[in-house]
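J.: The structure's right below; bear with me while I get my questions together.
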2 protein chains.
Amino acid sequence: MTSADLDSHRNIDARADGVGEGFLSWFAERVRMSGCQVDLTPLNELRGWAFDEATGNLAHESGRFFVVEGLHIRTTYGPVREWSQPIINQPEIGILGLLVKTVDGVPYCLVQAKMEPGNLNTMQLSPTVQATRSNYTRIHRGGGTKYLEYFTRPQAGRVLVDVLQSEQGSWFLRKRNRNMVVQVDDTVPAADGHYWLSLHEIRQLLRVDGLVNMDTRTVLSCLPDSFLAGPGGALAEEGMAAAIVRSVSGEGRPHHSAAAVLSWFTSAKCRHELAVQRVPLRGLPGWRRTPEEITHDDGRHFSIVGVTVRTNHREVAEWNQPLLYPQGRGLVAFVVKSIGGVAHLLVHARFQAGLLDIMEMGPTVQCNPENYPGARPEFLDYVLRAPAERIVYDTVLAEEGGRFYHSQNRYLLLEAGEDFPLEVPDDFCWVTAHQLTTLLRHGYYINVEARSLLACLHSLW
Amino acid sequence: MTSADLDSHRNIDARADGVGEGFLSWFAERVRMSGCQVDLTPLNELRGWAFDEATGNLAHESGRFFVVEGLHIRTTYGPVREWSQPIINQPEIGILGLLVKTVDGVPYCLVQAKMEPGNLNTMQLSPTVQATRSNYTRIHRGGGTKYLEYFTRPQAGRVLVDVLQSEQGSWFLRKRNRNMVVQVDDTVPAADGHYWLSLHEIRQLLRVDGLVNMDTRTVLSCLPDSFLAGPGGALAEEGMAAAIVRSVSGEGRPHHSAAAVLSWFTSAKCRHELAVQRVPLRGLPGWRRTPEEITHDDGRHFSIVGVTVRTNHREVAEWNQPLLYPQGRGLVAFVVKSIGGVAHLLVHARFQAGLLDIMEMGPTVQCNPENYPGARPEFLDYVLRAPAERIVYDTVLAEEGGRFYHSQNRYLLLEAGEDFPLEVPDDFCWVTAHQLTTLLRHGYYINVEARSLLACLHSLW
């Protein structure tokens with residue numbers, strides 16, 4: 001265990017009211033036992049990985065896992081009209097699967113303490129199964145994936161959620177994972193490394209920095225309505241708390257009809273011209289490759305680095321891999337406004353070059369502020385200057401630790417002031433949480449950052 | 001007018017019961033006046049078009065319209081595991097827009113008699129607006145697109161349908177068009193070339209070979225429930241007619257829940273490995289280019305040909321363009337089975353290399369039988385051998401005449417015999433028409449051939 005582990009997890013007790021002692025001591029023990037070491041390693045020295053002679057793309061010798069390649073973008077969207085960037089191409093569809101079981105009316109989820117090499121704190125809470133196709137078809141030559149059979153051969157009628165959802169569209173090329181929730185009635189014992197935690201406890205743990213991983217958050221965001229009623233819901237009678245209850249439950253009237261939201265989104269997709277072309281990583285304009293890493297000429301955005309991972313706790317004891325290392329801490333925020341007594345989230349039809357259909361609905365603000373020394377993204381300064389009493393959720397969470405190195409985003413839910421306009425720019429739209437939940441039955445509507453924040457919103461009541 | 005026109009349109013009177021004389025004489029006059037001539041022209045002689053020196057791709061000198069390029073496919077789906085083919089890359093999103101107006105409770109649609117160079121009969125019925133982005137931003141340097149403003153600046157609340165839908169996934173690379181239906185209350189006069197036809201009349205005309213074009217059919221298929229009640233619905237009390245009414249109206253209980261259908265479809269997408277790569281058209285394995293055309297070595301599938309179009313009836317009086325020329329007549333069929341008194345369509349999770357997310361739900365059978373001299377696609381022979389009394393719809397319709405030359409598909413709706421099994425192979429699923437209508441609020445679920453057939457199904461009552 002490193003000092004980063006200690007630092008990141010020290011606040012579990014302080015912030016996670018209502019989480020059982022059993023879990024806290026179990027997780028502390030998992031962290032203590034993890035015995036994992038991650039060392040930065042020059043890209044040229046990664047065993048099993050090589051730069052292709054013709055394209056310069058960085059790939060695994062087996063042809064599996066993922067490839068770091070180049071992307072060239074031309075667009076009429078946003079202030080930058082043309083750029084090139086490295087991107088992670090991982091065409092396989094993985095499974096993010098959560099087992100749930102209801103006992104005496106209380107839903108429980110089977111979570112896993114999982115080490116990922118890119119995590120700042122090494123170990124976070126993941127869903128029951130978090131497996132790439134390479135993982136579960138044993139390309140690693142490691143052990144089998146526990147509980148996989150509940151998701152690859154689920155019994156009819158027990159599948160609550162089964163939908164392909166995108167991941168980071170700025171860093172992944174058309175990546176999508178299968179988000180699944182499967183309900184079990186029988187007793188399923190928690191294996192070593194797994195733990196049955198109540199859904200309410202997981203939601204409380206979402207307030208702890210860097211604990212609940214991205215894969216858990218995206219699966220939680222897709223849960224159907226019946227899982228959204230929290231113990232606090234009935235208590236909120238007025239103010240923002242009550243407005244959020246109405247927004248999540250769908251009882252309140254939305255500002256825009258479902259058809260109007262879909263038409264707004266279709267219109268946004270058609271408003272801009274976008275051309276995205278896969279290109280060789282070699283000679284990518286604006287980027288330079290050294291034996292150690294691939295970096296942007298101005299030091300912004302991200303770099304591609306390598307790591308060596310040594311562990312006593314996974315299918316394979318030691319391996320090398322590249323990771324994408326974002327520069328600085330990002331900001332992911334929803335501005336929330338009560339309209340007619342119902343909380344509405346300000347979503348942004350956001351172009352991201354790697355998304356399958358180019359645009360998905362994202363949070364109001366999603367950026368690394370350090371990347372914008374000049375022209376600022378819409379609403380960024382409004383969010384940064386918000387007084388503390390308007391902030392209803394504020395936690396630093398990591399993105400996927402299997403692909404990103406020390407990624408950190410500050411996730412914020414922010415109550416809009418009275419003066420915040422109802423009229424918003426063309427690419428923005430006010431929607432209720434329930435409208436987002438309904439759209440999440442389908443893929444490619446809500447981006448992964450917005451899904452994370454929606455799961456966090458569900459933790460507020 | 002050519003003899004093909006006469007031949008194709010001679011049966012309007014015979015099959016289209018209940019269509020007003022006014023329309024029939026108006027359309028005959030449009031055909032008579034069209035004065036269009038389409039001549040096959042060698043690819044090497046197409047003005048404004050050229051093969052790129054490096055890639056061999058066939059593109060317009062303006063960089064707009066579309067490009068014929070190459071695609072390489074590797075997949076575990078189907079009997080052929082690897083192949084290359086030309087494909088039309090048209091990244092622009094066009095508008096297929098239909099104006100509707102309800103008079104005394106009867107819905108009317110503003111249709112257009114439109115000439116397309118690939119049509120066997122030159123002129124077909126198109127939606128109010130059928131325009132590529134190049135069209136309506138005036139790349140052609142032609143006249144403005146009539147009625148366009150109803151779709152680019154629709155009033156809030158009058159947009160009934162607004163969704164991106166795919167087109168032929170075997171011939172187009174990730175093409176999608178914006179399918180829109182906009183309701184108007186004011187009087188909108190029919191301009192020259194346009195005609196207000198009742199929805200019931202359009203549905204009757206769907207029984208006429210080669211008359212209602214693909215763009216009209218896909219927009220019609222997306223109409224919301226409220227437009228689906230036909231005058232015949234109330235009369236059907238038993239048998240397949242009543243089962244179809246229950247299937248379309250959503251009154252009948254579906255065999256699989258909505259969640260189960262979505263999970264089946266997600267599962268199908270994850271079952272197969274699919275790798276699709278854009279490659280240069282030059283030297284495409286299995287294909288040969290002559291000065292005239294690009295053909296497959298064994299003469300099957302399709303060729304790329306060129307045409308010269310001369311007309312007195314469009315924005316531009318003469319132009320050249322390539323078209324994709326399918327070999328032979330295709331077959332597009334839904335097997336329909338009454339389950340619990342509700343008609344269910346047997347949809348097929350169909351891989352098509354050009355689809356945005358690789359798979360959409362297609363008809364039970366969709367192929368050119370001549371391409372399968374050996375192993376036959378599932379259910380093809382069942383459909384071909386069906387006795388006449390089980391065929392409830394049988395019409396030859398064309399695909400998009402702006403891109404395909406003389407494409408013809410026989411569209412069939414076929415009642416399954418008692419012996420047809422309820423258990424079907426993994427990639428097939430029984431769904432109601434209402435379930436498909438619900439999914440059509442979203443893009444990329446139902447392929448264009450299945451959408452066409454669904455519109456035809458709506459014409460049965």
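Convention: chains lettered A, B, ... in structure tokens order; per-chain residue numbering from 1; ligands numbered from 1 as shown.
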Show me, as a ChimeraX atom specification, the residues that have an atom within 8 Å of Ala243 in chain A when counting only C-alpha atoms, minus same-chain residues fewer than 6 positions from it.
T.: /A:338,341-343
J.: Would you mind exporting the chosen residues as a JSON list (two decimals), in the first residue's frame, restricted to N, CA, C and O atoms?
T.:
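So again21.json came out as:
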```json
[["chain", "number", "residue", "atom", "x", "y", "z"],
["A", 338, "SER", "N", -34.53, 24.15, -10.53],
["A", 338, "SER", "CA", -35.90, 23.74, -10.28],
["A", 338, "SER", "C", -36.82, 24.51, -11.21],
["A", 338, "SER", "O", -36.85, 25.74, -11.20],
["A", 341, "GLY", "N", -40.98, 23.35, -9.76],
["A", 341, "GLY", "CA", -40.84, 22.44, -8.62],
["A", 341, "GLY", "C", -40.17, 21.12, -8.95],
["A", 341, "GLY", "O", -40.07, 20.23, -8.10],
["A", 342, "VAL", "N", -39.67, 20.98, -10.18],
["A", 342, "VAL", "CA", -38.99, 19.74, -10.60],
["A", 342, "VAL", "C", -37.55, 20.07, -10.98],
["A", 342, "VAL", "O", -37.32, 20.98, -11.79],
["A", 343, "ALA", "N", -36.58, 19.36, -10.41],
["A", 343, "ALA", "CA", -35.18, 19.61, -10.75],
["A", 343, "ALA", "C", -34.90, 19.19, -12.19],
["A", 343, "ALA", "O", -35.24, 18.08, -12.60]]
```
J.: Could you give me, as JSON lines, a per-residue list for chain B showing, wherever an atom lies at most 8 Å from an atom of chain A, the closest pair of atoms and their distance in Å to one decimal, using only C-alpha atoms and sorting by chain then residue number from low to high?
T.:
```
{"residue": "B:Pro91", "atom": "CA", "partner": "A:Ala275", "partner_atom": "CA", "distance": 7.8}
{"residue": "B:Glu92", "atom": "CA", "partner": "A:Glu273", "partner_atom": "CA", "distance": 7.7}
{"residue": "B:Ile93", "atom": "CA", "partner": "A:Cys270", "partner_atom": "CA", "distance": 6.5}
{"residue": "B:Ala156", "atom": "CA", "partner": "A:Ala260", "partner_atom": "CA", "distance": 7.6}
{"residue": "B:Gly157", "atom": "CA", "partner": "A:Ala260", "partner_atom": "CA", "distance": 7.0}
{"residue": "B:Val159", "atom": "CA", "partner": "A:Ser263", "partner_atom": "CA", "distance": 7.5}
{"residue": "B:Leu160", "atom": "CA", "partner": "A:Ala259", "partner_atom": "CA", "distance": 7.3}
{"residue": "B:Val161", "atom": "CA", "partner": "A:Ser263", "partner_atom": "CA", "distance": 7.6}
{"residue": "B:Asp162", "atom": "CA", "partner": "A:Ser263", "partner_atom": "CA", "distance": 5.2}
{"residue": "B:Val163", "atom": "CA", "partner": "A:Thr266", "partner_atom": "CA", "distance": 6.1}
{"residue": "B:Leu164", "atom": "CA", "partner": "A:Thr266", "partner_atom": "CA", "distance": 6.8}
{"residue": "B:Arg178", "atom": "CA", "partner": "A:Thr266", "partner_atom": "CA", "distance": 7.7}
{"residue": "B:Ala259", "atom": "CA", "partner": "A:Leu160", "partner_atom": "CA", "distance": 7.4}
{"residue": "B:Ala260", "atom": "CA", "partner": "A:Gly157", "partner_atom": "CA", "distance": 7.1}
{"residue": "B:Leu262", "atom": "CA", "partner": "A:Asp162", "partner_atom": "CA", "distance": 7.1}
{"residue": "B:Ser263", "atom": "CA", "partner": "A:Asp162", "partner_atom": "CA", "distance": 5.2}
{"residue": "B:Thr266", "atom": "CA", "partner": "A:Val163", "partner_atom": "CA", "distance": 6.1}
{"residue": "B:Cys270", "atom": "CA", "partner": "A:Ile93", "partner_atom": "CA", "distance": 6.5}
{"residue": "B:Glu273", "atom": "CA", "partner": "A:Glu92", "partner_atom": "CA", "distance": 7.7}
{"residue": "B:Ala275", "atom": "CA", "partner": "A:Pro91", "partner_atom": "CA", "distance": 7.8}
{"residue": "B:Leu356", "atom": "CA", "partner": "A:Leu356", "partner_atom": "CA", "distance": 7.1}
{"residue": "B:Asp357", "atom": "CA", "partner": "A:Leu356", "partner_atom": "CA", "distance": 7.5}
```
J.: Provide the CA of Val335 in chain B to CA of Gly354 in chain B distance in Å, to one decimal place.
T.: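 Pair CA of Val335 in chain B / CA of Gly354 in chain B returns 25.1 Å.
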J.: With a distance cut-off of 12 Å and only C-alpha atoms, select the neighbouring residues of Met240 in chain B, excluding the residue or stretch itself and same-chain residues fewer than 2 positions from it, and output the selection as a PDB file with N, CA and C atoms, in the first residue's frame.
T.:
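After the write, out-v2.pdb holds the following:
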```pdb
ATOM      1  N   GLY B 233     -59.540  -1.231 -39.541  1.00  0.00           N
ATOM      2  CA  GLY B 233     -59.180  -1.825 -38.259  1.00  0.00           C
ATOM      3  C   GLY B 233     -60.371  -2.323 -37.472  1.00  0.00           C
ATOM      4  N   ALA B 236     -62.093  -5.826 -38.544  1.00  0.00           N
ATOM      5  CA  ALA B 236     -61.472  -7.139 -38.415  1.00  0.00           C
ATOM      6  C   ALA B 236     -61.766  -7.712 -37.035  1.00  0.00           C
ATOM      7  N   GLU B 237     -62.429  -8.844 -37.012  1.00  0.00           N
ATOM      8  CA  GLU B 237     -62.781  -9.418 -35.721  1.00  0.00           C
ATOM      9  C   GLU B 237     -62.045 -10.700 -35.422  1.00  0.00           C
ATOM     10  N   GLU B 238     -61.576 -11.346 -36.424  1.00  0.00           N
ATOM     11  CA  GLU B 238     -60.892 -12.609 -36.158  1.00  0.00           C
ATOM     12  C   GLU B 238     -59.835 -12.878 -37.223  1.00  0.00           C
ATOM     13  N   ALA B 242     -57.412  -9.544 -37.653  1.00  0.00           N
ATOM     14  CA  ALA B 242     -57.589  -9.076 -36.274  1.00  0.00           C
ATOM     15  C   ALA B 242     -56.269  -9.147 -35.509  1.00  0.00           C
ATOM     16  N   ALA B 243     -55.481 -10.183 -35.790  1.00  0.00           N
ATOM     17  CA  ALA B 243     -54.185 -10.329 -35.113  1.00  0.00           C
ATOM     18  C   ALA B 243     -53.245  -9.180 -35.490  1.00  0.00           C
ATOM     19  N   ILE B 244     -53.333  -8.726 -36.741  1.00  0.00           N
ATOM     20  CA  ILE B 244     -52.493  -7.603 -37.184  1.00  0.00           C
ATOM     21  C   ILE B 244     -52.957  -6.312 -36.516  1.00  0.00           C
ATOM     22  N   VAL B 245     -54.278  -6.127 -36.414  1.00  0.00           N
ATOM     23  CA  VAL B 245     -54.796  -4.938 -35.725  1.00  0.00           C
ATOM     24  C   VAL B 245     -54.265  -4.901 -34.287  1.00  0.00           C
ATOM     25  N   ARG B 246     -54.325  -6.018 -33.587  1.00  0.00           N
ATOM     26  CA  ARG B 246     -53.833  -6.049 -32.202  1.00  0.00           C
ATOM     27  C   ARG B 246     -52.320  -5.818 -32.144  1.00  0.00           C
ATOM     28  N   SER B 247     -51.610  -6.301 -33.145  1.00  0.00           N
ATOM     29  CA  SER B 247     -50.153  -6.151 -33.177  1.00  0.00           C
ATOM     30  C   SER B 247     -49.753  -4.691 -33.368  1.00  0.00           C
ATOM     31  N   VAL B 336     -44.914 -13.834 -40.495  1.00  0.00           N
ATOM     32  CA  VAL B 336     -45.826 -13.285 -39.482  1.00  0.00           C
ATOM     33  C   VAL B 336     -46.590 -14.443 -38.862  1.00  0.00           C
ATOM     34  N   LYS B 337     -46.600 -14.487 -37.532  1.00  0.00           N
ATOM     35  CA  LYS B 337     -47.279 -15.597 -36.854  1.00  0.00           C
ATOM     36  C   LYS B 337     -48.173 -15.032 -35.756  1.00  0.00           C
ATOM     37  N   SER B 338     -49.380 -15.539 -35.683  1.00  0.00           N
ATOM     38  CA  SER B 338     -50.272 -15.114 -34.613  1.00  0.00           C
ATOM     39  C   SER B 338     -49.908 -15.902 -33.351  1.00  0.00           C
ATOM     40  N   ILE B 339     -49.514 -15.168 -32.310  1.00  0.00           N
ATOM     41  CA  ILE B 339     -49.172 -15.792 -31.024  1.00  0.00           C
ATOM     42  C   ILE B 339     -50.130 -15.197 -29.995  1.00  0.00           C
ATOM     43  N   GLY B 340     -50.975 -16.040 -29.451  1.00  0.00           N
ATOM     44  CA  GLY B 340     -51.983 -15.544 -28.500  1.00  0.00           C
ATOM     45  C   GLY B 340     -52.915 -14.528 -29.144  1.00  0.00           C
ATOM     46  N   GLY B 341     -53.192 -14.696 -30.427  1.00  0.00           N
ATOM     47  CA  GLY B 341     -54.114 -13.788 -31.108  1.00  0.00           C
ATOM     48  C   GLY B 341     -53.496 -12.479 -31.550  1.00  0.00           C
ATOM     49  N   VAL B 342     -52.170 -12.328 -31.380  1.00  0.00           N
ATOM     50  CA  VAL B 342     -51.467 -11.095 -31.768  1.00  0.00           C
ATOM     51  C   VAL B 342     -50.432 -11.448 -32.843  1.00  0.00           C
ATOM     52  N   ALA B 343     -50.449 -10.719 -33.958  1.00  0.00           N
ATOM     53  CA  ALA B 343     -49.482 -10.987 -35.029  1.00  0.00           C
ATOM     54  C   ALA B 343     -48.080 -10.589 -34.563  1.00  0.00           C
ATOM     55  N   HIS B 344     -47.128 -11.508 -34.699  1.00  0.00           N
ATOM     56  CA  HIS B 344     -45.722 -11.236 -34.385  1.00  0.00           C
ATOM     57  C   HIS B 344     -44.890 -11.371 -35.651  1.00  0.00           C
ATOM     58  N   GLU B 389     -52.044 -18.606 -50.631  1.00  0.00           N
ATOM     59  CA  GLU B 389     -53.062 -18.146 -49.662  1.00  0.00           C
ATOM     60  C   GLU B 389     -52.435 -17.650 -48.372  1.00  0.00           C
ATOM     61  N   ARG B 390     -51.142 -17.912 -48.164  1.00  0.00           N
ATOM     62  CA  ARG B 390     -50.477 -17.414 -46.945  1.00  0.00           C
ATOM     63  C   ARG B 390     -49.819 -16.051 -47.170  1.00  0.00           C
ATOM     64  N   ILE B 391     -49.790 -15.595 -48.411  1.00  0.00           N
ATOM     65  CA  ILE B 391     -49.121 -14.328 -48.713  1.00  0.00           C
ATOM     66  C   ILE B 391     -50.123 -13.188 -48.537  1.00  0.00           C
ATOM     67  N   VAL B 392     -49.859 -12.308 -47.577  1.00  0.00           N
ATOM     68  CA  VAL B 392     -50.819 -11.234 -47.298  1.00  0.00           C
ATOM     69  C   VAL B 392     -50.385  -9.917 -47.925  1.00  0.00           C
ATOM     70  N   LEU B 413     -45.147 -10.142 -47.126  1.00  0.00           N
ATOM     71  CA  LEU B 413     -45.585 -10.465 -45.766  1.00  0.00           C
ATOM     72  C   LEU B 413     -46.303 -11.804 -45.869  1.00  0.00           C
ATOM     73  N   LEU B 414     -45.893 -12.711 -45.026  1.00  0.00           N
ATOM     74  CA  LEU B 414     -46.244 -14.107 -45.206  1.00  0.00           C
ATOM     75  C   LEU B 414     -46.726 -14.673 -43.885  1.00  0.00           C
ATOM     76  N   GLU B 415     -47.913 -15.246 -43.896  1.00  0.00           N
ATOM     77  CA  GLU B 415     -48.456 -15.860 -42.681  1.00  0.00           C
ATOM     78  C   GLU B 415     -47.788 -17.216 -42.475  1.00  0.00           C
ATOM     79  N   ALA B 416     -47.245 -17.413 -41.281  1.00  0.00           N
ATOM     80  CA  ALA B 416     -46.585 -18.682 -40.988  1.00  0.00           C
ATOM     81  C   ALA B 416     -47.630 -19.779 -40.862  1.00  0.00           C
ATOM     82  N   GLY B 417     -47.291 -20.969 -41.331  1.00  0.00           N
ATOM     83  CA  GLY B 417     -48.182 -22.103 -41.130  1.00  0.00           C
ATOM     84  C   GLY B 417     -48.204 -22.510 -39.664  1.00  0.00           C
ATOM     85  N   LEU B 457     -47.087  -3.188 -43.907  1.00  0.00           N
ATOM     86  CA  LEU B 457     -48.010  -3.867 -42.977  1.00  0.00           C
ATOM     87  C   LEU B 457     -49.130  -2.915 -42.566  1.00  0.00           C
ATOM     88  N   LEU B 460     -52.354  -2.758 -44.548  1.00  0.00           N
ATOM     89  CA  LEU B 460     -53.229  -3.928 -44.651  1.00  0.00           C
ATOM     90  C   LEU B 460     -54.563  -3.746 -43.959  1.00  0.00           C
ATOM     91  N   TRP B 461     -54.752  -2.680 -43.214  1.00  0.00           N
ATOM     92  CA  TRP B 461     -56.036  -2.567 -42.481  1.00  0.00           C
ATOM     93  C   TRP B 461     -56.648  -1.211 -42.648  1.00  0.00           C
TER      94      TRP B 461
END
```
J.: Pick from A:Val31, A:Cys429, A:Leu331, A:Val80: nearest to Ala268 in chain A, with only C-alpha atoms counted?
T.: A:Cys429
J.: Looking at only C-alpha atoms, which of B:Arg451, B:Arg350, B:Arg289, B:Arg32 is the one that sits closest to Glu378 in chain B?
T.: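 Result for the nearest residue to Glu378 in chain B: B:Arg350.
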J.: Residues at most 6 Å from range 111-128 of chain B, counting only C-alpha atoms, excluding those fewer than 6 positions away in the same chain, as a ChimeraX atom specification?
T.: /B:4-5,97-98,193-195,211-213,216,401-402,404-406
J.: Run DSSP on the backbone of this structure and report the residues of range 188-311 of chain B it assigns to helix (DSSP H, G or I), as a ChimeraX atom specification.
T.: /B:199-205,214-221,225-227,233-235,239-249,258-271
